[in-house]
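Below is one structure, written out as C-alpha cells; comments come after it.
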Amino acid sequence: MTRNFSMLPLLLVIVLVSLPLMVMYGFLVLDTFTDAPPGELWPDRFTLRHWRFLFDPTEVGNVWAASFNSLVLACSMMAIVLSVSTTAAYAISRLHLPFRRFFLAGILVMHGFPAVTLIIGVFFVLNLTGLYDTMIGVILVKGSLMLPFGIWIMKGFYDAVPWEIEMAGVQDGAGRFTVWWRLILPQVRPGLVALGVFAFLDGWGEYVLPRILAPSSDIQVLSVFLNELIAGDQLGYDFNLFKSVGLFYTLPVILLYLIFQNRLMNIFGGGTKG
Amino acid sequence: MSSSAEATGGVARAARHPSTDRPHRQIAAARPRISLFGALLLAPALILLTCFFLAPAVLTAVFAFTDMSTSTGIGKGQYVVTPNLLRELADAGLSDEVAEAVSVETYTVDDAGLEAAEAGGVDGRFLKNIADRLNGETYTAAREFERALRGLPDAPRSPRELKLAAEHFGQSVLNQRFDTSEELSATLAEVAPNVSEETRDRIVASSYTGAVWTTENFHTLATQRETARLVANTFLFVSATLGFFNLSLGLFLAIVLFYMPKPVNSVFSTLWLLPRITPVVLYAIMWKWFTWEGGFLPVLAEQVGLPSFNYMKGSVVTAWITMIMVNGFIGASFGLILFSGALRAIPVQQLWASEVDGATRWQQVRRIILPQLRWPILFVTAYQTLSLLSAYEQIWLTTNGGPGKTTTVWALEAFRTALSNYSGNLEYGLGAAMALVLVIVGLTLSILYLLLFRFGELVSKPRIEF
C-alpha cells in the first residue's frame, strides 16, 4: 500500500496510549534488581537482594512450596481439560449421538456464560460433597469451568480433519477407538498443544478459586501467596520485593507464551477474561 | 433417537463381515456398541459439567430462597433452645412462667452424670458415695441436690467444689442440640409438662438453627436503596469500559497497527497482550504500584506539583478511572486480537482498488474497513458485555469497591456478601439471590447471542454418520 498519510502522529498517539503499560512492565523488570532512593522514581544502584527470597525462607516464607502447589493445580487441570475435552469433542464432532444438537447448544451457552458468577453455587457444591478446602476440589472446579471452552476448541480442530482419513481406517478394519487414537488424535495435535498450554496458563494464574475454595495455608498456591504478601502489613510496602516474587511467578507464563506464541494466538480470541 | 444412524452403523459393520450369519442379530449387537463408545467418550464431560456447572447454577437458584448464612451453616440445622432465644421470645410475648419452666434445671444421678463427673475430676471416693447412695434420685432444685451431696461421708468441704460436682449432674433443655423437632418437643414436654402444645411448637419452630425457606432476600433487594446504586454503578462500569476500551481503543489499535510496519505492529501487539496473559494478582500489584502513594503516578504528580494521593482509593473520581482502566487494558487486547484477525481477512485488493481511486486513509477506514468489521464489533460488544457484567476479580483486588461503596458493582457485592467480607457473617442466601440475578441475565444474554450469531451453522450435523 502507498503511504498517502504521515504515520508519525498516529505512532505518537499509540505510544502515548500505551505509556501506562510500558511504564508498568518496564519498571516491573527494572525494579527487581535495582533500588531507588526514597521519593524518587529512577533507580540509582544495582542490587540482587530482592531475589533473596528464592533461597531464604525468612524473607517472605516458602515460595517453593507455593510454586509446587501452583504446579500441581496447573498440571492436574491441564490433564483434566485435555483428556475430557478431547474425548467429548470427538464424540460431538464425529459420532451421531442422541441429543447432540442440544448438547452442543448447551456447550455454547456455557462457553459464553460468565462462569465466575457460579462461584457461590460452586461453594455450596463443594461444601455438600466435602471437597471444600481440598486441592482436588479446586482442580475439579477449575477444570470443569474450562471444559466448555476446551470442548468447543477441540471440536473445531476435529471438524477440520478430513473424514477420508477416518474412512480409510475403518475400511482397513480398525475399530472406532483405534481410528480415533491412532489416526485422528495425531491430526489434532496442534489443538492439543494449544489447549494444553492455555489450560496450564489458566490454572497457573488462577486466584479466586483457590483463595475462596481452599483457604488452608498448606495448599496455598503462588497467586494467593503473592497477594498475602501485599495484604499482610508486616512487610510494609516493599514493591520491589513484590515485583520480584511476581516476576518469578510470571516467568513460566512468559516462557510458555514465547515458545507457543503462534499456536496460542489461534485460540486466544475465544478467551473469557474481561 | 438416533436409531437410524445406529442401524446404519450396524449394517455397515455387518457388510464388512459378510461371513457372519444372521445380520439382524449383528444389528442388535452393534447398536449398544456404537452408542456405548459415544457415551463413554462423553461421560466424563457430562459428569463434570453436571457437578460443577449445572449443580452450582441450580444450587444458586435454590439457596437464593433461603436465609442461609455463616450462623445457620450449610446443610441441615439442629434444634437448640438458648437463653438468648427465650429472651427474644419473651420480648415477643412469651410468658415468664413458660420461660422459667423451660429453662428449669433438674439433677439426676445416673450413669451419664457419673461419667461426666469423673471426667470433670471429681474425687473418686466421693463419686462412689454418690453412686452408692443417691443413684436414680432426681432433684428439681440445685439447693436440694447440694444439700443431699453435703450429707455424704466423703463430701468435699468447700461449697464451691460441691457446687462444681453438682453441676455435672444437672440436666437442662437449654443449649442441648437435637437433630429433629420431635426429640426437642418430647424433651420439652417432659421438662415443662404445663406448657401448652401451641407454645411448645412455637418454641421448637424458632429454635431451628439451620436455614429456612424465605423470599426475604428478593424483598430486600427490591426495597433497599443500595440496589439502585449497585445497578447504576454496574451500568456505568460496563458501558464506560466497553465503550472506551474494549471497543474504541481495541478498534483504534487494530486499525492503526494494521497500517504500521510489521516490527511496530508486533511490538505493540505483544505489549497489549501482556495484561491478558499476566496473572491477575501481579497485574493488580502493578496497578497498586502505579497508583498508590509512593508509587509511580503520585510521585510523578508531586514532582510536577499536581495533587498527589492514593489514586486507587483516595477519591471517587480517580478510583473510578483506575477501576475502568484496570479492566479496560485487559479488555482492549480482546478487541485488538479479534479486530486484527478480521482486518487480515479483508481482501487486500479492495484496499488497493480504493487507493487507485484516490481514497484517503480515513475514507478507506470509513467505507471499506468499518463496514466489514460490523460482525466482529457486534460480537465483541455482546461477548464483553456479558463478561464485564460478571467481572469482579480485578475490582476486588484493586479498589475493592471503595472508597466506601462508590465503585462496588453488582457482581462484586454478590461475591462479598456471600464469600468474602470482614464482618464475619457471610450471607450465603442473599449472595446467592444476587448471583441468581446475574446467572439469569447471563443465561438470557448467552442464549440470545447464540441465536444472533447463527447458531444453526455452528451446530450443523457431523459429516460422517456411520
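Naming scheme: A, B, ... for chains in displayed order of the C-alpha cells; residues 1 onward per chain; ligands 1 onward as shown.
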
Need to verify the contact set: stretch 397-402 of chain B, 7 Å, only C-alpha atoms, exclusion of same-chain residues closer than 4 positions in sequence. Can you return it as a CSV table (one decimal) with N, CA and C atoms, in the first residue's frame?
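Below is the file result.csv, written as the result:
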```
chain,number,residue,atom,x,y,z
B,284,ALA,N,-2.7,-6.7,39.4
B,284,ALA,CA,-3.2,-5.8,40.4
B,284,ALA,C,-2.1,-5.2,41.2
B,312,MET,N,-5.9,5.1,43.7
B,312,MET,CA,-6.8,4.0,43.6
B,312,MET,C,-7.9,4.1,44.6
B,313,LYS,N,-7.6,4.6,45.8
B,313,LYS,CA,-8.6,4.6,46.8
B,313,LYS,C,-8.9,6.0,47.4
B,319,ALA,N,-10.7,6.8,41.7
B,319,ALA,CA,-11.0,5.3,41.9
B,319,ALA,C,-11.7,4.8,40.7
B,323,MET,N,-10.4,1.9,38.2
B,323,MET,CA,-11.1,0.7,38.0
B,323,MET,C,-11.4,0.4,36.5
B,393,GLU,N,-13.1,-9.8,39.7
B,393,GLU,CA,-11.8,-10.3,40.3
B,393,GLU,C,-10.9,-9.1,40.3
B,406,THR,N,-18.4,3.2,46.7
B,406,THR,CA,-18.7,4.0,45.5
B,406,THR,C,-18.4,3.3,44.2
B,407,THR,N,-17.4,2.4,44.2
B,407,THR,CA,-17.1,1.7,43.0
B,407,THR,C,-17.5,0.2,43.0
B,408,THR,N,-18.5,-0.1,43.9
B,408,THR,CA,-18.9,-1.5,44.0
B,408,THR,C,-19.9,-1.8,42.9
```

TODO: List every residue of stretch 86-273 of chain A that DSSP, applied to the backbone, labels as alpha helix (DSSP H), and write the result as number ranges by chain.
DONE: A: 86-94, 100-112, 119-129, 135-159, 163-171, 176-178, 185-187, 189-205, 208-213, 222-231, 239-268

Take the residues just selected and output them with C-alpha atoms as a tab-separated table (two decimals), in the first residue's frame.
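In the end it all went to selection-v1.tsv:
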```tsv
chain	number	residue	atom	x	y	z
A	86	THR	CA	-10.53	-34.40	23.59
A	87	THR	CA	-12.87	-37.32	24.07
A	88	ALA	CA	-16.07	-35.30	24.34
A	89	ALA	CA	-15.22	-33.12	21.35
A	90	TYR	CA	-14.57	-36.18	19.20
A	91	ALA	CA	-17.91	-37.63	20.12
A	92	ILE	CA	-19.65	-34.38	19.30
A	93	SER	CA	-17.75	-33.79	16.10
A	94	ARG	CA	-17.95	-37.27	14.59
A	100	ARG	CA	-26.23	-33.96	20.00
A	101	ARG	CA	-27.70	-30.66	18.95
A	102	PHE	CA	-28.98	-29.96	22.42
A	103	PHE	CA	-25.65	-30.82	23.99
A	104	LEU	CA	-23.77	-28.61	21.55
A	105	ALA	CA	-26.11	-25.72	22.28
A	106	GLY	CA	-25.51	-26.32	25.98
A	107	ILE	CA	-21.75	-26.22	25.48
A	108	LEU	CA	-22.02	-22.97	23.54
A	109	VAL	CA	-24.23	-21.33	26.13
A	110	MET	CA	-21.87	-22.44	28.89
A	111	HIS	CA	-18.94	-21.14	26.88
A	112	GLY	CA	-20.48	-17.70	26.59
A	119	ILE	CA	-18.63	-19.37	42.43
A	120	ILE	CA	-21.27	-19.09	45.16
A	121	GLY	CA	-23.03	-22.19	43.81
A	122	VAL	CA	-19.69	-23.99	43.50
A	123	PHE	CA	-19.02	-23.14	47.12
A	124	PHE	CA	-22.29	-24.88	48.07
A	125	VAL	CA	-21.45	-27.93	45.94
A	126	LEU	CA	-18.01	-28.34	47.49
A	127	ASN	CA	-19.42	-27.90	50.99
A	128	LEU	CA	-22.10	-30.51	50.41
A	129	THR	CA	-19.68	-33.01	48.85
A	135	MET	CA	-6.85	-29.16	46.31
A	136	ILE	CA	-8.85	-31.81	44.46
A	137	GLY	CA	-11.96	-29.70	44.75
A	138	VAL	CA	-10.26	-26.65	43.29
A	139	ILE	CA	-8.78	-28.71	40.45
A	140	LEU	CA	-12.12	-30.31	39.57
A	141	VAL	CA	-13.95	-26.99	39.65
A	142	LYS	CA	-11.32	-25.11	37.68
A	143	GLY	CA	-11.08	-27.90	35.11
A	144	SER	CA	-14.84	-28.21	34.74
A	145	LEU	CA	-15.34	-24.49	34.29
A	146	MET	CA	-12.87	-24.56	31.40
A	147	LEU	CA	-14.45	-27.61	29.76
A	148	PRO	CA	-16.98	-25.80	27.51
A	149	PHE	CA	-14.15	-23.73	26.07
A	150	GLY	CA	-11.93	-26.79	25.64
A	151	ILE	CA	-14.63	-28.90	24.02
A	152	TRP	CA	-15.55	-26.10	21.65
A	153	ILE	CA	-11.93	-25.52	20.60
A	154	MET	CA	-11.22	-29.21	20.12
A	155	LYS	CA	-14.44	-29.69	18.16
A	156	GLY	CA	-13.19	-27.05	15.74
A	157	PHE	CA	-9.92	-28.93	15.27
A	158	TYR	CA	-11.72	-32.26	14.78
A	159	ASP	CA	-14.07	-30.70	12.26
A	163	TRP	CA	-13.18	-37.54	7.10
A	164	GLU	CA	-11.44	-39.62	4.40
A	165	ILE	CA	-8.72	-40.42	6.93
A	166	GLU	CA	-11.30	-41.95	9.20
A	167	MET	CA	-12.99	-43.74	6.35
A	168	ALA	CA	-9.68	-45.25	5.24
A	169	GLY	CA	-9.01	-46.51	8.73
A	170	VAL	CA	-12.42	-48.09	9.01
A	171	GLN	CA	-12.01	-49.66	5.57
A	176	ARG	CA	-13.71	-46.59	16.10
A	177	PHE	CA	-11.43	-46.37	19.10
A	178	THR	CA	-8.31	-47.33	17.11
A	185	LEU	CA	-5.51	-37.69	17.52
A	186	PRO	CA	-2.19	-37.09	15.71
A	187	GLN	CA	-4.10	-34.84	13.31
A	189	ARG	CA	-2.05	-32.35	17.92
A	190	PRO	CA	-1.73	-28.57	17.31
A	191	GLY	CA	-5.07	-28.13	19.01
A	192	LEU	CA	-4.00	-30.33	21.91
A	193	VAL	CA	-0.81	-28.35	22.39
A	194	ALA	CA	-2.59	-25.01	22.26
A	195	LEU	CA	-5.35	-26.11	24.60
A	196	GLY	CA	-2.86	-27.72	26.97
A	197	VAL	CA	-0.74	-24.60	27.23
A	198	PHE	CA	-3.84	-22.50	27.58
A	199	ALA	CA	-5.18	-24.68	30.38
A	200	PHE	CA	-1.83	-24.60	32.15
A	201	LEU	CA	-1.65	-20.81	31.96
A	202	ASP	CA	-5.22	-20.53	33.19
A	203	GLY	CA	-4.56	-22.80	36.15
A	204	TRP	CA	-1.26	-21.14	36.96
A	205	GLY	CA	-2.78	-17.66	37.04
A	208	VAL	CA	-10.20	-16.53	43.19
A	209	LEU	CA	-10.98	-20.25	43.28
A	210	PRO	CA	-8.06	-21.41	45.44
A	211	ARG	CA	-8.41	-18.33	47.64
A	212	ILE	CA	-12.11	-18.91	48.32
A	213	LEU	CA	-12.48	-22.68	48.00
A	222	LEU	CA	1.55	-18.94	44.33
A	223	SER	CA	-1.12	-16.40	43.40
A	224	VAL	CA	-2.61	-16.46	46.90
A	225	PHE	CA	0.89	-16.44	48.38
A	226	LEU	CA	1.77	-13.32	46.38
A	227	ASN	CA	-1.39	-11.50	47.36
A	228	GLU	CA	-0.91	-12.35	51.02
A	229	LEU	CA	2.42	-10.56	50.84
A	230	ILE	CA	0.83	-7.28	49.91
A	231	ALA	CA	-2.22	-7.80	52.12
A	239	PHE	CA	7.04	-3.12	45.99
A	240	ASN	CA	10.44	-4.13	44.66
A	241	LEU	CA	10.14	-7.37	46.61
A	242	PHE	CA	6.53	-7.91	45.49
A	243	LYS	CA	7.59	-7.37	41.91
A	244	SER	CA	10.46	-9.83	42.23
A	245	VAL	CA	8.14	-12.51	43.57
A	246	GLY	CA	5.62	-11.52	40.92
A	247	LEU	CA	8.15	-11.75	38.13
A	248	PHE	CA	9.29	-15.13	39.42
A	249	TYR	CA	5.63	-16.16	39.37
A	250	THR	CA	5.10	-14.88	35.83
A	251	LEU	CA	8.29	-16.26	34.26
A	252	PRO	CA	6.74	-19.63	33.31
A	253	VAL	CA	3.85	-17.78	31.72
A	254	ILE	CA	6.14	-15.62	29.62
A	255	LEU	CA	8.34	-18.57	28.67
A	256	LEU	CA	5.39	-20.71	27.61
A	257	TYR	CA	3.92	-17.83	25.73
A	258	LEU	CA	7.16	-17.14	23.85
A	259	ILE	CA	7.53	-20.80	22.90
A	260	PHE	CA	3.95	-21.36	21.81
A	261	GLN	CA	3.14	-17.83	20.67
A	262	ASN	CA	1.83	-18.63	17.22
A	263	ARG	CA	-0.23	-21.62	18.26
A	264	LEU	CA	-1.83	-19.75	21.13
A	265	MET	CA	-2.86	-16.79	19.04
A	266	ASN	CA	-5.24	-19.01	17.09
A	267	ILE	CA	-7.44	-19.60	20.07
A	268	PHE	CA	-6.77	-16.52	22.16
```

TODO: Up to 7 Å from chain A, what residues of chain B turn up? Count only C-alpha atoms and give them as a PyMOL selection string.
DONE: chain B and resi 1-2+5+38+41-42+44-45+48-49+52-53+56-57+59-60+278-282+286+289-290+294+296+299+327+330-331+334+337-338+352+384+386-388+390-391+418+432+435+438-439+442-443+446-447+459+462+464-465

How would the residues just chosen look if you wrote them out with C-alpha atoms as a PDB file, in the first residue's frame?
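See part.pdb below for the written result:
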```pdb
ATOM      1  CA  MET B   1     -33.412 -41.108  18.971  1.00  0.00           C
ATOM      2  CA  SER B   2     -30.560 -41.981  16.678  1.00  0.00           C
ATOM      3  CA  ALA B   5     -27.826 -43.967  12.436  1.00  0.00           C
ATOM      4  CA  GLY B  38     -20.009 -42.309  22.199  1.00  0.00           C
ATOM      5  CA  LEU B  41     -16.338 -40.538  25.345  1.00  0.00           C
ATOM      6  CA  LEU B  42     -18.949 -38.088  26.551  1.00  0.00           C
ATOM      7  CA  PRO B  44     -16.565 -37.658  31.824  1.00  0.00           C
ATOM      8  CA  ALA B  45     -17.518 -34.316  30.331  1.00  0.00           C
ATOM      9  CA  LEU B  48     -18.025 -32.894  35.393  1.00  0.00           C
ATOM     10  CA  LEU B  49     -20.279 -30.350  33.742  1.00  0.00           C
ATOM     11  CA  PHE B  52     -19.585 -28.209  38.665  1.00  0.00           C
ATOM     12  CA  PHE B  53     -21.597 -26.259  36.116  1.00  0.00           C
ATOM     13  CA  PRO B  56     -23.894 -24.793  41.109  1.00  0.00           C
ATOM     14  CA  ALA B  57     -26.381 -22.968  38.913  1.00  0.00           C
ATOM     15  CA  LEU B  59     -27.993 -24.604  43.928  1.00  0.00           C
ATOM     16  CA  THR B  60     -27.621 -20.859  43.438  1.00  0.00           C
ATOM     17  CA  THR B 278      -0.204 -11.635  33.230  1.00  0.00           C
ATOM     18  CA  PRO B 279      -1.616 -13.440  36.291  1.00  0.00           C
ATOM     19  CA  VAL B 280      -4.300 -11.238  37.778  1.00  0.00           C
ATOM     20  CA  VAL B 281      -2.595 -10.875  41.161  1.00  0.00           C
ATOM     21  CA  LEU B 282       0.590  -9.496  39.655  1.00  0.00           C
ATOM     22  CA  MET B 286       1.451  -3.408  39.217  1.00  0.00           C
ATOM     23  CA  TRP B 289       2.467   0.387  42.472  1.00  0.00           C
ATOM     24  CA  PHE B 290       1.318   2.677  39.666  1.00  0.00           C
ATOM     25  CA  GLY B 294       4.867   6.391  46.996  1.00  0.00           C
ATOM     26  CA  PHE B 296       4.750   5.983  40.174  1.00  0.00           C
ATOM     27  CA  VAL B 299       5.496  10.628  42.943  1.00  0.00           C
ATOM     28  CA  ASN B 327     -10.350  -3.742  33.351  1.00  0.00           C
ATOM     29  CA  ILE B 330      -7.320  -6.261  29.587  1.00  0.00           C
ATOM     30  CA  GLY B 331     -10.440  -5.766  27.507  1.00  0.00           C
ATOM     31  CA  PHE B 334      -9.560  -8.808  23.373  1.00  0.00           C
ATOM     32  CA  ILE B 337      -6.919  -9.605  18.746  1.00  0.00           C
ATOM     33  CA  LEU B 338     -10.375 -10.092  17.302  1.00  0.00           C
ATOM     34  CA  TRP B 352      -5.537  -1.311  -3.462  1.00  0.00           C
ATOM     35  CA  GLN B 384     -17.702  -8.418  26.555  1.00  0.00           C
ATOM     36  CA  LEU B 386     -21.515 -10.383  29.485  1.00  0.00           C
ATOM     37  CA  SER B 387     -18.025 -10.836  30.876  1.00  0.00           C
ATOM     38  CA  LEU B 388     -17.878  -7.291  32.241  1.00  0.00           C
ATOM     39  CA  SER B 390     -19.906 -10.594  35.894  1.00  0.00           C
ATOM     40  CA  ALA B 391     -16.350  -9.304  36.342  1.00  0.00           C
ATOM     41  CA  ALA B 418     -21.663 -14.468  50.212  1.00  0.00           C
ATOM     42  CA  ALA B 432     -26.972 -16.411  46.047  1.00  0.00           C
ATOM     43  CA  ALA B 435     -25.810 -14.138  41.894  1.00  0.00           C
ATOM     44  CA  LEU B 438     -26.556 -12.411  37.249  1.00  0.00           C
ATOM     45  CA  VAL B 439     -26.997 -16.054  36.285  1.00  0.00           C
ATOM     46  CA  GLY B 442     -26.072 -14.214  31.745  1.00  0.00           C
ATOM     47  CA  LEU B 443     -28.123 -17.174  30.555  1.00  0.00           C
ATOM     48  CA  SER B 446     -25.837 -16.013  26.014  1.00  0.00           C
ATOM     49  CA  ILE B 447     -28.880 -17.725  24.513  1.00  0.00           C
ATOM     50  CA  VAL B 459     -24.138 -26.947  15.222  1.00  0.00           C
ATOM     51  CA  PRO B 462     -21.395 -34.142  11.528  1.00  0.00           C
ATOM     52  CA  ILE B 464     -19.669 -38.754   8.965  1.00  0.00           C
ATOM     53  CA  GLU B 465     -22.650 -40.680  10.155  1.00  0.00           C
TER      54      GLU B 465
END
```

Task: Interatomic distance (Å, one decimal) between atom CA of B:Val204 and atom CA of B:Ser185 - done: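 One can read the atom CA of B:Val204 to atom CA of B:Ser185 distance as 6.6 Å.
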
Open item on the list: Please compute the atom CA of A:Thr134-atom CA of B:Lys76 distance, one decimal, in Å.
Closed with: 21.8 Å

If we count only C-alpha atoms and set the cut-off at 12 Å, which residues sit around B:Glu198, ignoring sequence neighbours fewer than 4 positions away in its own chain? Please answer as a PDB file with N, CA and C atoms, in the first residue's frame.
```pdb
ATOM      1  N   LEU B  94     -43.874 -14.171  74.994  1.00  0.00           N
ATOM      2  CA  LEU B  94     -43.907 -15.444  75.714  1.00  0.00           C
ATOM      3  C   LEU B  94     -43.966 -15.139  77.214  1.00  0.00           C
ATOM      4  N   VAL B  98     -43.645 -19.678  81.389  1.00  0.00           N
ATOM      5  CA  VAL B  98     -43.221 -20.658  80.389  1.00  0.00           C
ATOM      6  C   VAL B  98     -41.709 -20.641  80.254  1.00  0.00           C
ATOM      7  N   SER B 185     -39.310 -31.585  71.034  1.00  0.00           N
ATOM      8  CA  SER B 185     -40.678 -31.433  71.512  1.00  0.00           C
ATOM      9  C   SER B 185     -40.939 -32.403  72.663  1.00  0.00           C
ATOM     10  N   ALA B 189     -41.755 -31.470  76.531  1.00  0.00           N
ATOM     11  CA  ALA B 189     -42.972 -31.944  77.187  1.00  0.00           C
ATOM     12  C   ALA B 189     -42.639 -32.571  78.531  1.00  0.00           C
ATOM     13  N   ASN B 194     -46.507 -28.419  81.761  1.00  0.00           N
ATOM     14  CA  ASN B 194     -47.641 -27.499  81.856  1.00  0.00           C
ATOM     15  C   ASN B 194     -47.778 -26.589  80.649  1.00  0.00           C
ATOM     16  N   ARG B 202     -44.248 -23.398  69.042  1.00  0.00           N
ATOM     17  CA  ARG B 202     -43.656 -22.118  68.684  1.00  0.00           C
ATOM     18  C   ARG B 202     -42.189 -22.080  69.095  1.00  0.00           C
ATOM     19  N   ILE B 203     -41.923 -22.566  70.287  1.00  0.00           N
ATOM     20  CA  ILE B 203     -40.529 -22.583  70.754  1.00  0.00           C
ATOM     21  C   ILE B 203     -39.688 -23.481  69.862  1.00  0.00           C
ATOM     22  N   VAL B 204     -40.248 -24.663  69.549  1.00  0.00           N
ATOM     23  CA  VAL B 204     -39.496 -25.611  68.718  1.00  0.00           C
ATOM     24  C   VAL B 204     -39.186 -24.991  67.354  1.00  0.00           C
ATOM     25  N   ALA B 205     -40.222 -24.368  66.752  1.00  0.00           N
ATOM     26  CA  ALA B 205     -40.019 -23.815  65.416  1.00  0.00           C
ATOM     27  C   ALA B 205     -38.940 -22.740  65.421  1.00  0.00           C
TER      28      ALA B 205
END
```

Open item on the list: When you look at B:Gly136 with a cut-off of 10 Å (counting only C-alpha atoms), what residues show up, excluding the ones that are within fewer than 2 positions of it in the same chain? I need them as an MDAnalysis selection string.
Closed with: chainID B and resid 108:111 131:134 138
